[in-house]
Amino acid sequence: MKGAVFIAFNQMVEDQVGIDIWERLLVEVTPESGGIYTSVEDYPDSELFSMVGTLSDIVDVPVPVLVEQFGAYLFDVLNTKYPMFSAEQKDFFEFIKSIDGVIHREVRKLYENPNLPDLYCENVDDKTLSIKYQSPRKLCFLAEGLIRGAAKYYDVNYELQHNKCMHDGSDHCLLHLTIQ
């Protein structure tokens with residue numbers, strides 16, 4: 001996983017629960033990196049997953065909820081660094097549909113082997129979007145948080161249904177977004 005994700009996680013922990021908790025995470029997890037990250041380097045997924053699990057225990061928040069919260073935080077971090085992606089899309093659904101074909105394509109140009117999820121979006125009707133999510137990392141809860149961050153940016157109220165999930169044995173997740 002790219003160091004930029006670890007850096008954003010570090011920022012979120014410090015912003016939301018304090019630097020003392022971040023330092024406690026580093027002591028308890030003893031990550032191979034020592035907790036020092038550069039944005040373009042790759043670090044083991046297991047390092048982030050261990051930190052998330054330990055943080056979940058410390059703050060008594062279930063892992064899926066914590067990962068979803070991180071996704072919303074990560075959207076803000078990424079949108080601050082790369083505002084052109086949201087600025088180029090006129091609305092929430094267009095932005096979501098642009099992730100795989102535009103944003104992920106640009107990420108692949110910048111980074112070798114970025115290991116991104118596959119997203120297949122389809123309009124069900126003018127108020128509902130179906131998203132098929134596939135990734136060996138099974139970070140669908142992170143995707144839910146990124147969606148929440150995007151909805152906030154576009155000032156959209158929505159309902160999300162997670163109809164199929166890789167965590168329940170499916171080969172993909174199926175999300176339905178309905179604008180209210």
# chains A, B, ... in the order shown; residues from 1 in each chain; ligands from 1
>>> select_by_dssp(residues="range 20-179 of chain A", states="alpha helix (DSSP H)", output="JSON, numbers by chain")
{"A": [20, 21, 22, 23, 24, 25, 26, 27, 28, 29, 45, 46, 47, 48, 49, 50, 51, 52, 53, 54, 55, 56, 57, 58, 59, 63, 64, 65, 66, 67, 68, 69, 70, 71, 72, 73, 74, 75, 76, 77, 78, 79, 80, 81, 84, 85, 86, 87, 92, 93, 94, 95, 96, 97, 98, 104, 105, 106, 107, 108, 109, 110, 140, 141, 142, 143, 144, 145, 146, 147, 148, 149, 150, 151, 152, 153]}
>>> closest_atom_pairs(of="range 57-139 of chain A", to="range 9-17 of chain A", cutoff="8 Å", atoms="only C-alpha atoms", output="JSON lines")
{"residue": "A:Phe70", "atom": "CA", "partner": "A:Phe9", "partner_atom": "CA", "distance": 7.0}
{"residue": "A:Tyr73", "atom": "CA", "partner": "A:Met12", "partner_atom": "CA", "distance": 6.9}
{"residue": "A:Leu74", "atom": "CA", "partner": "A:Phe9", "partner_atom": "CA", "distance": 7.8}
>>> closest_residue(among="A:Val61, A:Ile21, A:Val124, A:Cys165", to="Thr178 in chain A", atoms="only C-alpha atoms")
A:Val124
>>> residues_around(residues="Lys97 in chain A", least_positions_apart="3", cutoff="10 Å", atoms="only C-alpha atoms", output="tab-separated table (two decimals) with C-alpha atoms, in the first residue's frame")
chain	number	residue	atom	x	y	z
A	89	GLN	CA	-17.14	16.20	-12.49
A	92	PHE	CA	-21.80	13.13	-7.25
A	93	PHE	CA	-22.70	10.22	-9.55
A	94	GLU	CA	-20.43	11.48	-12.33
A	100	ASP	CA	-12.14	3.72	-12.12
A	101	GLY	CA	-11.83	5.22	-15.60
A	102	VAL	CA	-10.24	8.59	-14.79
A	103	ILE	CA	-8.75	8.72	-11.30
A	119	LEU	CA	-15.15	-0.57	-9.76
A	120	TYR	CA	-17.95	-1.10	-12.23
A	121	CYS	CA	-20.68	1.53	-12.04
A	122	GLU	CA	-24.07	1.46	-13.66
A	123	ASN	CA	-27.00	3.82	-13.41
A	129	LEU	CA	-26.18	4.02	-8.95
A	130	SER	CA	-25.02	0.41	-8.67
A	131	ILE	CA	-21.33	-0.17	-7.89
>>> closest_residue(among="A:Ile58, A:Thr30, A:Tyr154, A:Glu144", to="Leu174 in chain A", atoms="only C-alpha atoms")
A:Glu144
>>> residues_around(residues="Ser39 in chain A", least_positions_apart="3", cutoff="8 Å", atoms="only C-alpha atoms", output="JSON list (two decimals) with all heavy atoms, in the first residue's frame")
[["chain", "number", "residue", "atom", "x", "y", "z"],
["A", 2, "LYS", "N", 0.48, 2.26, -0.72],
["A", 2, "LYS", "CA", 1.29, 3.46, -0.84],
["A", 2, "LYS", "C", 1.40, 4.21, 0.49],
["A", 2, "LYS", "O", 0.47, 4.24, 1.29],
["A", 2, "LYS", "CB", 0.70, 4.41, -1.90],
["A", 2, "LYS", "CG", 0.81, 3.88, -3.31],
["A", 2, "LYS", "CD", 2.26, 3.78, -3.72],
["A", 2, "LYS", "CE", 2.40, 3.17, -5.09],
["A", 2, "LYS", "NZ", 3.74, 2.68, -5.32],
["A", 3, "GLY", "N", 2.56, 4.79, 0.69],
["A", 3, "GLY", "CA", 2.82, 5.55, 1.91],
["A", 3, "GLY", "C", 1.85, 6.69, 2.12],
["A", 3, "GLY", "O", 1.58, 7.07, 3.26],
["A", 4, "ALA", "N", 1.30, 7.24, 1.03],
["A", 4, "ALA", "CA", 0.34, 8.34, 1.15],
["A", 4, "ALA", "C", -0.86, 7.92, 2.01],
["A", 4, "ALA", "O", -1.40, 8.73, 2.77],
["A", 4, "ALA", "CB", -0.12, 8.80, -0.23],
["A", 5, "VAL", "N", -1.26, 6.65, 1.91],
["A", 5, "VAL", "CA", -2.38, 6.16, 2.71],
["A", 5, "VAL", "C", -1.97, 6.08, 4.18],
["A", 5, "VAL", "O", -2.73, 6.48, 5.07],
["A", 5, "VAL", "CB", -2.85, 4.78, 2.18],
["A", 5, "VAL", "CG1", -3.93, 4.20, 3.07],
["A", 5, "VAL", "CG2", -3.34, 4.91, 0.74],
["A", 7, "ILE", "N", 0.34, 7.88, 5.62],
["A", 7, "ILE", "CA", 0.49, 9.26, 6.10],
["A", 7, "ILE", "C", -0.87, 9.84, 6.46],
["A", 7, "ILE", "O", -1.03, 10.49, 7.50],
["A", 7, "ILE", "CB", 1.23, 10.13, 5.04],
["A", 7, "ILE", "CG1", 2.69, 9.67, 4.92],
["A", 7, "ILE", "CG2", 1.13, 11.61, 5.38],
["A", 7, "ILE", "CD1", 3.41, 10.23, 3.70]]
>>> closest_residue(among="A:Ala8, A:Leu26, A:Asp91, A:Asp118", to="His104 in chain A", atoms="only C-alpha atoms")
A:Asp118
>>> atom_distance(atom1="CA of Arg137 in chain A", atom2="CA of Arg24 in chain A")
25.4 Å
>>> residues_around(residues="Ala143 in chain A", least_positions_apart="2", cutoff="9 Å", atoms="only C-alpha atoms", output="list in words")
Val67, Glu68, Gly71, Ala72, Tyr133, Leu139, Cys140, Phe141, Gly145, Leu146, Ile147 and Arg148 of chain A
>>> atom_distance(atom1="CA of Val59 in chain A", atom2="CA of Gly34 in chain A")
21.6 Å
>>> closest_residue(among="A:Leu55, A:Ile36, A:Ile179, A:Leu110", to="Leu160 in chain A", atoms="only C-alpha atoms")
A:Ile179
